[in-house]
file protein-v3.csv (CSV, C-alpha atoms and all ligand atoms)
chain,number,residue,atom,x,y,z
V,1,MET,CA,115.8,-78.4,-147.2
V,2,GLN,CA,117.2,-77.2,-150.5
V,3,HIS,CA,120.8,-76.3,-151.1
V,4,ARG,CA,121.2,-73.3,-153.4
V,5,ARG,CA,123.5,-70.5,-154.1
V,6,LEU,CA,122.7,-66.9,-153.4
V,7,TYR,CA,124.4,-63.8,-154.6
V,8,LEU,CA,124.9,-61.0,-152.0
V,9,LEU,CA,126.0,-57.6,-153.2
V,10,GLY,CA,129.5,-56.8,-151.9
V,11,ILE,CA,130.1,-60.4,-150.7
V,12,GLY,CA,129.6,-62.5,-153.7
V,13,GLU,CA,128.1,-66.0,-154.1
V,14,ILE,CA,127.4,-67.9,-150.9
V,15,LYS,CA,125.9,-71.3,-150.3
V,16,ALA,CA,122.6,-71.3,-148.5
V,17,ASN,CA,120.1,-73.8,-147.3
V,18,TYR,CA,116.5,-72.9,-148.1
V,19,TYR,CA,114.0,-73.9,-145.4
V,20,ARG,CA,111.0,-73.1,-147.5
V,21,PRO,CA,110.3,-72.0,-151.0
V,22,LEU,CA,110.0,-68.3,-151.6
V,23,SER,CA,106.6,-66.9,-152.6
V,24,GLY,CA,105.8,-63.4,-153.9
V,25,GLU,CA,108.6,-61.0,-155.1
V,26,ALA,CA,111.7,-60.8,-153.0
V,27,ARG,CA,112.5,-57.2,-152.0
V,28,ALA,CA,115.1,-57.2,-149.2
V,29,ILE,CA,117.5,-59.6,-147.5
V,30,THR,CA,118.5,-59.4,-143.9
V,31,VAL,CA,121.6,-61.3,-142.7
V,32,LYS,CA,121.6,-62.2,-139.0
V,33,ARG,CA,124.0,-64.2,-136.8
V,34,GLU,CA,122.8,-66.3,-133.9
V,35,GLY,CA,125.6,-67.9,-132.0
V,36,THR,CA,127.7,-69.7,-134.6
V,37,LYS,CA,124.9,-69.8,-137.2
V,38,TRP,CA,124.0,-67.3,-139.9
V,39,TRP,CA,120.5,-66.7,-141.0
V,40,LEU,CA,119.1,-65.0,-144.1
V,41,SER,CA,115.6,-63.7,-144.1
V,42,VAL,CA,114.1,-62.6,-147.4
V,43,GLN,CA,111.3,-60.0,-147.3
V,44,CYS,CA,108.7,-60.6,-150.0
V,45,VAL,CA,105.9,-58.5,-151.3
V,46,ASN,CA,102.7,-59.5,-153.1
V,47,VAL,CA,102.7,-62.9,-151.3
V,48,PRO,CA,99.6,-64.8,-152.3
V,49,THR,CA,97.2,-65.2,-149.4
V,50,MET,CA,95.9,-68.7,-148.5
V,51,PRO,CA,92.3,-68.2,-147.2
V,52,LEU,CA,90.9,-70.9,-145.0
V,53,VAL,CA,87.4,-72.3,-145.1
V,54,PRO,CA,85.2,-70.4,-142.7
V,55,THR,CA,84.4,-72.2,-139.5
V,56,CYS,CA,81.6,-69.9,-138.3
V,57,CYS,CA,83.3,-69.9,-134.8
V,58,GLU,CA,84.3,-66.8,-132.8
V,59,VAL,CA,86.5,-66.5,-129.8
V,60,GLY,CA,87.6,-64.0,-127.2
V,61,ILE,CA,91.0,-64.4,-125.6
V,62,ASP,CA,92.3,-63.3,-122.3
V,63,LEU,CA,96.1,-63.1,-122.2
V,64,GLY,CA,97.4,-63.8,-118.7
V,65,VAL,CA,100.6,-64.4,-116.9
V,66,LYS,CA,99.6,-67.6,-115.1
V,67,ASN,CA,97.4,-69.1,-117.8
V,68,GLN,CA,99.0,-68.0,-121.0
V,69,VAL,CA,95.6,-68.0,-122.8
V,70,ALA,CA,92.0,-68.4,-121.6
V,71,THR,CA,89.3,-68.5,-124.2
V,72,SER,CA,85.6,-67.6,-124.1
V,73,GLU,CA,85.0,-71.3,-125.0
V,74,GLY,CA,86.2,-72.2,-121.5
V,75,GLU,CA,89.6,-73.5,-122.6
V,76,ILE,CA,92.7,-72.7,-120.7
V,77,LYS,CA,96.0,-73.1,-122.4
V,78,LYS,CA,98.8,-73.1,-119.8
V,79,GLY,CA,101.8,-71.1,-120.7
V,80,GLU,CA,105.1,-72.8,-120.5
V,81,HIS,CA,107.7,-70.7,-118.7
V,82,PHE,CA,110.7,-71.8,-120.6
V,83,GLY,CA,112.9,-69.1,-119.2
V,84,PHE,CA,112.2,-70.2,-115.7
V,85,LYS,CA,112.9,-73.8,-116.5
V,86,ALA,CA,116.2,-73.0,-118.2
V,87,GLN,CA,117.4,-70.7,-115.4
V,88,SER,CA,119.4,-73.3,-113.4
V,89,LYS,CA,121.1,-74.7,-116.5
V,90,LEU,CA,122.0,-71.2,-117.6
V,91,ALA,CA,123.3,-70.3,-114.2
V,92,SER,CA,125.6,-73.3,-114.1
V,93,ALA,CA,126.9,-72.5,-117.6
V,94,ARG,CA,127.6,-68.9,-116.4
V,95,ARG,CA,129.4,-70.2,-113.3
V,96,LYS,CA,131.6,-72.3,-115.5
V,97,LEU,CA,132.3,-69.3,-117.7
V,98,GLY,CA,133.7,-67.5,-114.6
V,99,THR,CA,136.3,-70.2,-114.0
V,100,LYS,CA,137.8,-69.9,-117.5
V,101,GLN,CA,140.8,-67.7,-118.2
V,102,ARG,CA,140.1,-64.5,-120.2
V,103,GLY,CA,141.1,-64.8,-123.9
V,104,SER,CA,141.4,-68.6,-123.7
V,105,ASN,CA,139.9,-71.0,-126.2
V,106,ARG,CA,138.0,-72.8,-123.3
V,107,ARG,CA,136.4,-69.5,-122.4
V,108,ARG,CA,135.4,-68.8,-126.0
V,109,ARG,CA,133.8,-72.3,-126.2
V,110,GLN,CA,132.0,-71.7,-122.9
V,111,VAL,CA,130.6,-68.4,-124.2
V,112,GLU,CA,129.1,-70.3,-127.1
V,113,VAL,CA,127.5,-72.7,-124.6
V,114,VAL,CA,125.9,-69.8,-122.8
V,115,VAL,CA,124.6,-68.3,-126.0
V,116,ARG,CA,123.2,-71.7,-127.0
V,117,HIS,CA,121.2,-71.8,-123.8
V,118,HIS,CA,119.7,-68.4,-124.5
V,119,LEU,CA,118.9,-69.3,-128.1
V,120,LYS,CA,117.1,-72.5,-127.0
V,121,VAL,CA,114.7,-70.6,-124.7
V,122,LYS,CA,114.1,-68.1,-127.5
V,123,ASN,CA,113.3,-70.8,-130.0
V,124,GLN,CA,111.1,-72.7,-127.6
V,125,ARG,CA,109.0,-69.5,-126.9
V,126,ARG,CA,108.8,-68.8,-130.6
V,127,ASN,CA,107.8,-72.3,-131.4
V,128,ALA,CA,105.0,-72.4,-128.8
V,129,ALA,CA,103.7,-69.0,-130.0
V,130,HIS,CA,103.7,-70.3,-133.6
V,131,GLN,CA,101.7,-73.4,-132.7
V,132,LEU,CA,99.2,-71.6,-130.5
V,133,SER,CA,98.5,-68.9,-133.1
V,134,ARG,CA,98.2,-71.5,-135.9
V,135,GLN,CA,95.7,-73.4,-133.8
V,136,LEU,CA,93.6,-70.3,-133.0
V,137,VAL,CA,93.6,-69.1,-136.7
V,138,ASN,CA,92.6,-72.6,-137.9
V,139,GLU,CA,89.7,-72.9,-135.4
V,140,TYR,CA,88.1,-69.4,-135.4
V,141,ASP,CA,87.0,-66.9,-138.0
V,142,PHE,CA,86.8,-64.0,-135.6
V,143,ILE,CA,89.3,-63.5,-132.7
V,144,ALA,CA,89.0,-60.7,-130.1
V,145,LEU,CA,91.8,-59.9,-127.8
V,146,GLU,CA,93.0,-57.2,-125.4
V,147,ASN,CA,94.8,-54.2,-126.8
V,148,LEU,CA,98.2,-54.8,-125.4
V,149,THR,CA,99.4,-51.2,-125.5
V,150,ILE,CA,96.4,-50.2,-123.3
V,151,VAL,CA,97.2,-53.1,-121.0
V,152,ASN,CA,100.7,-51.8,-120.6
V,153,MET,CA,99.4,-48.4,-119.8
V,154,VAL,CA,97.1,-49.8,-117.2
V,155,ARG,CA,99.9,-51.7,-115.6
V,156,ALA,CA,102.6,-49.1,-115.6
V,157,PRO,CA,103.4,-48.1,-112.0
V,158,LYS,CA,103.0,-44.5,-111.1
V,159,GLY,CA,105.3,-42.8,-108.6
V,160,LYS,CA,103.6,-41.0,-105.7
V,161,PRO,CA,105.6,-38.1,-104.3
V,162,ASP,CA,106.5,-38.4,-100.6
V,163,PRO,CA,105.0,-35.4,-98.8
V,164,GLU,CA,107.6,-35.6,-96.1
V,165,ARG,CA,110.6,-35.5,-98.3
V,166,GLU,CA,110.7,-33.3,-101.4
V,167,GLY,CA,111.9,-35.0,-104.6
V,168,SER,CA,111.5,-38.5,-103.3
V,169,TYR,CA,108.8,-41.0,-103.9
V,170,LEU,CA,106.8,-43.4,-101.8
V,171,PRO,CA,107.2,-47.1,-102.5
V,172,ASN,CA,104.8,-48.0,-105.3
V,173,GLY,CA,105.5,-51.7,-105.9
V,174,ALA,CA,107.7,-51.0,-108.9
V,175,ALA,CA,110.0,-53.9,-108.0
V,176,LYS,CA,107.0,-56.2,-107.8
V,177,LYS,CA,105.9,-54.8,-111.1
V,178,ALA,CA,109.2,-55.5,-112.6
V,179,GLY,CA,108.7,-59.1,-111.6
V,180,LEU,CA,105.3,-59.2,-113.3
V,181,ASN,CA,106.7,-57.6,-116.4
V,182,ARG,CA,109.3,-60.4,-116.5
V,183,SER,CA,106.6,-63.0,-116.3
V,184,ILE,CA,104.7,-61.3,-119.1
V,185,HIS,CA,107.9,-61.4,-121.1
V,186,ASP,CA,108.2,-65.0,-120.3
V,187,ALA,CA,104.7,-65.7,-121.4
V,188,GLY,CA,105.7,-64.2,-124.8
V,189,TRP,CA,102.6,-62.0,-125.3
V,190,GLY,CA,103.8,-59.6,-127.9
V,191,GLN,CA,105.1,-62.3,-130.1
V,192,LEU,CA,101.9,-64.3,-129.9
V,193,VAL,CA,99.8,-61.3,-131.0
V,194,SER,CA,102.1,-60.5,-133.9
V,195,LEU,CA,102.1,-64.1,-135.1
V,196,LEU,CA,98.4,-64.3,-134.7
V,197,SER,CA,97.9,-61.1,-136.7
V,198,TYR,CA,99.9,-62.1,-139.7
V,199,LYS,CA,98.5,-65.6,-139.8
V,200,ALA,CA,95.0,-64.3,-139.6
V,201,GLU,CA,95.6,-61.8,-142.4
V,202,SER,CA,96.9,-64.5,-144.7
V,203,ALA,CA,94.0,-66.8,-143.8
V,204,GLY,CA,91.3,-64.2,-144.2
V,205,ARG,CA,90.4,-64.2,-140.5
V,206,THR,CA,89.5,-61.2,-138.4
V,207,VAL,CA,91.5,-60.1,-135.3
V,208,VAL,CA,90.2,-57.2,-133.3
V,209,SER,CA,91.8,-55.7,-130.2
V,210,VAL,CA,89.6,-54.2,-127.5
V,211,ASN,CA,90.1,-51.9,-124.6
V,212,PRO,CA,90.7,-54.3,-121.6
V,213,ARG,CA,89.1,-51.9,-119.1
V,214,PHE,CA,86.7,-53.6,-116.8
V,215,THR,CA,86.9,-56.9,-118.7
V,216,SER,CA,88.1,-58.6,-115.5
V,217,GLN,CA,85.4,-57.0,-113.2
V,218,THR,CA,82.3,-57.4,-115.4
V,219,CYS,CA,80.0,-60.4,-115.1
V,220,ALA,CA,79.8,-62.1,-118.5
V,221,GLU,CA,76.2,-63.2,-117.8
V,222,CYS,CA,74.4,-60.1,-116.5
V,223,HIS,CA,77.1,-57.4,-117.3
V,224,TYR,CA,77.2,-56.1,-113.7
V,225,VAL,CA,80.5,-54.3,-113.0
V,226,ASP,CA,82.0,-54.4,-109.6
V,227,ALA,CA,85.6,-54.9,-108.4
V,228,GLY,CA,84.2,-57.2,-105.7
V,229,ASN,CA,83.1,-59.7,-108.4
V,230,ARG,CA,86.7,-60.8,-108.6
V,231,VAL,CA,87.1,-63.0,-105.6
V,232,ASN,CA,90.8,-63.5,-106.1
V,233,GLN,CA,93.3,-64.0,-108.9
V,234,GLU,CA,91.6,-67.2,-110.1
V,235,ASP,CA,87.9,-67.0,-109.3
V,236,PHE,CA,85.0,-64.8,-110.4
V,237,ARG,CA,81.7,-64.6,-108.5
V,238,CYS,CA,79.1,-62.1,-109.6
V,239,LEU,CA,77.7,-60.1,-106.6
V,240,LYS,CA,74.4,-59.6,-108.4
V,241,CYS,CA,73.5,-62.8,-110.2
V,242,GLY,CA,75.9,-65.3,-108.5
V,243,HIS,CA,77.5,-66.4,-111.8
V,244,CYS,CA,80.7,-68.3,-111.0
V,245,ASP,CA,83.6,-69.0,-113.4
V,246,TYR,CA,87.3,-68.9,-113.7
V,247,ALA,CA,88.3,-65.2,-113.7
V,248,ASP,CA,90.2,-65.4,-117.0
V,249,ILE,CA,87.4,-67.3,-118.8
V,250,ASN,CA,84.9,-64.7,-117.6
V,251,ALA,CA,87.2,-62.0,-118.9
V,252,ALA,CA,87.6,-63.7,-122.2
V,253,ARG,CA,83.8,-63.8,-122.7
V,254,ASN,CA,83.7,-60.0,-122.0
V,255,ILE,CA,86.5,-59.5,-124.5
V,256,LEU,CA,84.5,-61.4,-127.2
V,257,ARG,CA,81.4,-59.3,-126.5
V,258,ALA,CA,83.4,-56.1,-126.7
V,259,GLY,CA,85.1,-57.3,-129.9
V,260,ARG,CA,81.7,-58.1,-131.5
V,261,ALA,CA,80.4,-54.7,-130.6
V,262,LEU,CA,83.4,-53.0,-132.1
V,263,GLN,CA,83.0,-55.0,-135.3
V,264,ALA,CA,79.3,-54.2,-135.5
V,265,SER,CA,80.0,-50.4,-135.1
V,266,ALA,CA,82.8,-50.6,-137.7
V,267,CYS,CA,80.4,-52.3,-140.1
V,268,ALA,CA,77.7,-49.7,-139.5
V,269,ASP,CA,80.0,-46.7,-140.3
T,301,ZN,ZN,76.1,-61.5,-112.9

call {"tool": "encode", "arguments": {"input": "protein-v3.csv", "output": "structure tokens"}}
result
Amino acid sequence: MQHRRLYLLGIGEIKANYYRPLSGEARAITVKREGTKWWLSVQCVNVPTMPLVPTCCEVGIDLGVKNQVATSEGEIKKGEHFGFKAQSKLASARRKLGTKQRGSNRRRRQVEVVVRHHLKVKNQRRNAAHQLSRQLVNEYDFIALENLTIVNMVRAPKGKPDPEREGSYLPNGAAKKAGLNRSIHDAGWGQLVSLLSYKAESAGRTVVSVNPRFTSQTCAECHYVDAGNRVNQEDFRCLKCGHCDYADINAARNILRAGRALQASACAD
């Protein structure tokens, strides 16, 4: 860590700790406060890329709630549910906050404790996403994953109007869906994808996102599509050829195949 001074317009000179050397040309500075700490992020342009040596390996990735990541190579990386683990600590910190008198110093300090719990979970998630994306970019030249915006569309609950009562809707499992969305958030999907994309770009790797439609119902061996192939949440058994696998790994293999096809058609154009 380097101690240096930085000049901010309108504020003047401030002391700052540099966590890493700047590369490229600095364009914009953002100042952010997290709890009692202040962070500066410097946006740079023309940052030199650092291409990695090709590994000649390709991978398809299924992003799930239960297993954070399943790969076409048959690897399952369990997602850590940091938010879930921190819940009881956070709840007790919140309870303590309730006992403090409004406007008191003790209350102010307890507010900081609550904020620190939140920040810890946030940092743990970010750290895990950084490590996983780095590992994937180091190991593979070509990474295929599901297009998350399409996934979200597929999963958005639709309201069915109740024929008996005008203007009201039948139960559609929206509350259950909200629970699922929370788990998705806990798994830190979006963050993983964005970290993966920028690391891949800098390393000269290719990331393609494919339409996730049918990737969980298609047999990776014989390409037979049937909703009945999916025995349950975990297992896949093809009704035609009898191929058995973990459902997420089977899906990851389909995602890789779809990614390759997409890449081939892009090259042909
Ligand atoms: Zn099959």

call {"tool": "residues_around", "arguments": {"input": "protein-v3.csv", "residues": "His118 of chain V", "least_positions_apart": "5", "cutoff": "9 Å", "atoms": "all atoms listed in the file", "output": "list in words"}}
result
Gly83, Ala86, Leu90, Val113 and Asn123 of chain V

call {"tool": "residues_around", "arguments": {"input": "protein-v3.csv", "residues": "Ile76 of chain V", "least_positions_apart": "6", "cutoff": "10 Å", "atoms": "all atoms listed in the file", "output": "VMD selection string"}}
result
chain V and resid 61 to 62 67 to 70 246 248 to 249

call {"tool": "residues_around", "arguments": {"input": "protein-v3.csv", "residues": "Leu196 of chain V", "least_positions_apart": "5", "cutoff": "8 Å", "atoms": "all atoms listed in the file", "output": "list in words"}}
result
Ser133, Arg134, Leu136 and Val137 of chain V

call {"tool": "closest_atom_pairs", "arguments": {"input": "protein-v3.csv", "of": "chain V", "to": "ligand ZN 301 (chain T)", "cutoff": "6 Å", "atoms": "all atoms listed in the file", "output": "JSON lines"}}
result
{"residue": "V:Cys219", "atom": "CA", "partner": "T:ZN301", "partner_atom": "ZN", "distance": 4.6}
{"residue": "V:Glu221", "atom": "CA", "partner": "T:ZN301", "partner_atom": "ZN", "distance": 5.2}
{"residue": "V:Cys222", "atom": "CA", "partner": "T:ZN301", "partner_atom": "ZN", "distance": 4.2}
{"residue": "V:Tyr224", "atom": "CA", "partner": "T:ZN301", "partner_atom": "ZN", "distance": 5.6}
{"residue": "V:Cys238", "atom": "CA", "partner": "T:ZN301", "partner_atom": "ZN", "distance": 4.5}
{"residue": "V:Lys240", "atom": "CA", "partner": "T:ZN301", "partner_atom": "ZN", "distance": 5.2}
{"residue": "V:Cys241", "atom": "CA", "partner": "T:ZN301", "partner_atom": "ZN", "distance": 4.0}
{"residue": "V:Gly242", "atom": "CA", "partner": "T:ZN301", "partner_atom": "ZN", "distance": 5.8}
{"residue": "V:His243", "atom": "CA", "partner": "T:ZN301", "partner_atom": "ZN", "distance": 5.2}

call {"tool": "atom_distance", "arguments": {"input": "protein-v3.csv", "atom1": "atom CA of Thr71 of chain V", "atom2": "atom CA of Ala251 of chain V"}}
result
8.6 Å

call {"tool": "closest_residue", "arguments": {"input": "protein-v3.csv", "among": "V:Lys77, V:Ala91, V:Lys96, V:Val53", "to": "Ala203 of chain V", "atoms": "all atoms listed in the file"}}
result
V:Val53

call {"tool": "residues_around", "arguments": {"input": "protein-v3.csv", "residues": "segment 2-7 of chain V", "least_positions_apart": "4", "cutoff": "6 Å", "atoms": "only C-alpha atoms", "output": "list in words"}}
result
Gly12, Glu13, Ile14, Lys15, Ala16, Asn17 and Tyr18 of chain V

call {"tool": "closest_residue", "arguments": {"input": "protein-v3.csv", "among": "V:Arg95, V:His223, V:Arg237, V:Arg213", "to": "Val114 of chain V", "atoms": "all atoms listed in the file"}}
result
V:Arg95

call {"tool": "closest_residue", "arguments": {"input": "protein-v3.csv", "among": "V:Leu195, V:Ser202, V:Ile143, V:Leu22", "to": "Gln263 of chain V", "atoms": "only C-alpha atoms"}}
result
V:Ile143

call {"tool": "atom_distance", "arguments": {"input": "protein-v3.csv", "atom1": "atom CA of Ser41 of chain V", "atom2": "atom CA of Leu8 of chain V"}}
result
12.5 Å

call {"tool": "atom_distance", "arguments": {"input": "protein-v3.csv", "atom1": "atom CA of Ala93 of chain V", "atom2": "atom CA of Gln110 of chain V"}}
result
7.4 Å

call {"tool": "closest_residue", "arguments": {"input": "protein-v3.csv", "among": "V:Glu25, V:Glu73, V:Asp245, V:Asp141", "to": "Leu52 of chain V", "atoms": "all atoms listed in the file"}}
result
V:Asp141

call {"tool": "residues_around", "arguments": {"input": "protein-v3.csv", "residues": "Arg126 of chain V", "least_positions_apart": "5", "cutoff": "12 Å", "atoms": "only C-alpha atoms", "output": "list in words"}}
result
Glu80, Phe82, Leu119, Lys120, Val121, Gln131, Leu132, Ser133, Asp186, Ala187, Gly188, Trp189, Gly190, Gln191, Leu192, Val193, Ser194 and Leu195 of chain V

call {"tool": "closest_residue", "arguments": {"input": "protein-v3.csv", "among": "V:Asn127, V:Asn46, V:Gln217, V:Ser265", "to": "Ala247 of chain V", "atoms": "only C-alpha atoms"}}
result
V:Gln217

call {"tool": "closest_residue", "arguments": {"input": "protein-v3.csv", "among": "V:Gln43, V:Asn254, V:Asn138, V:Asn147", "to": "Phe214 of chain V", "atoms": "all atoms listed in the file"}}
result
V:Asn254
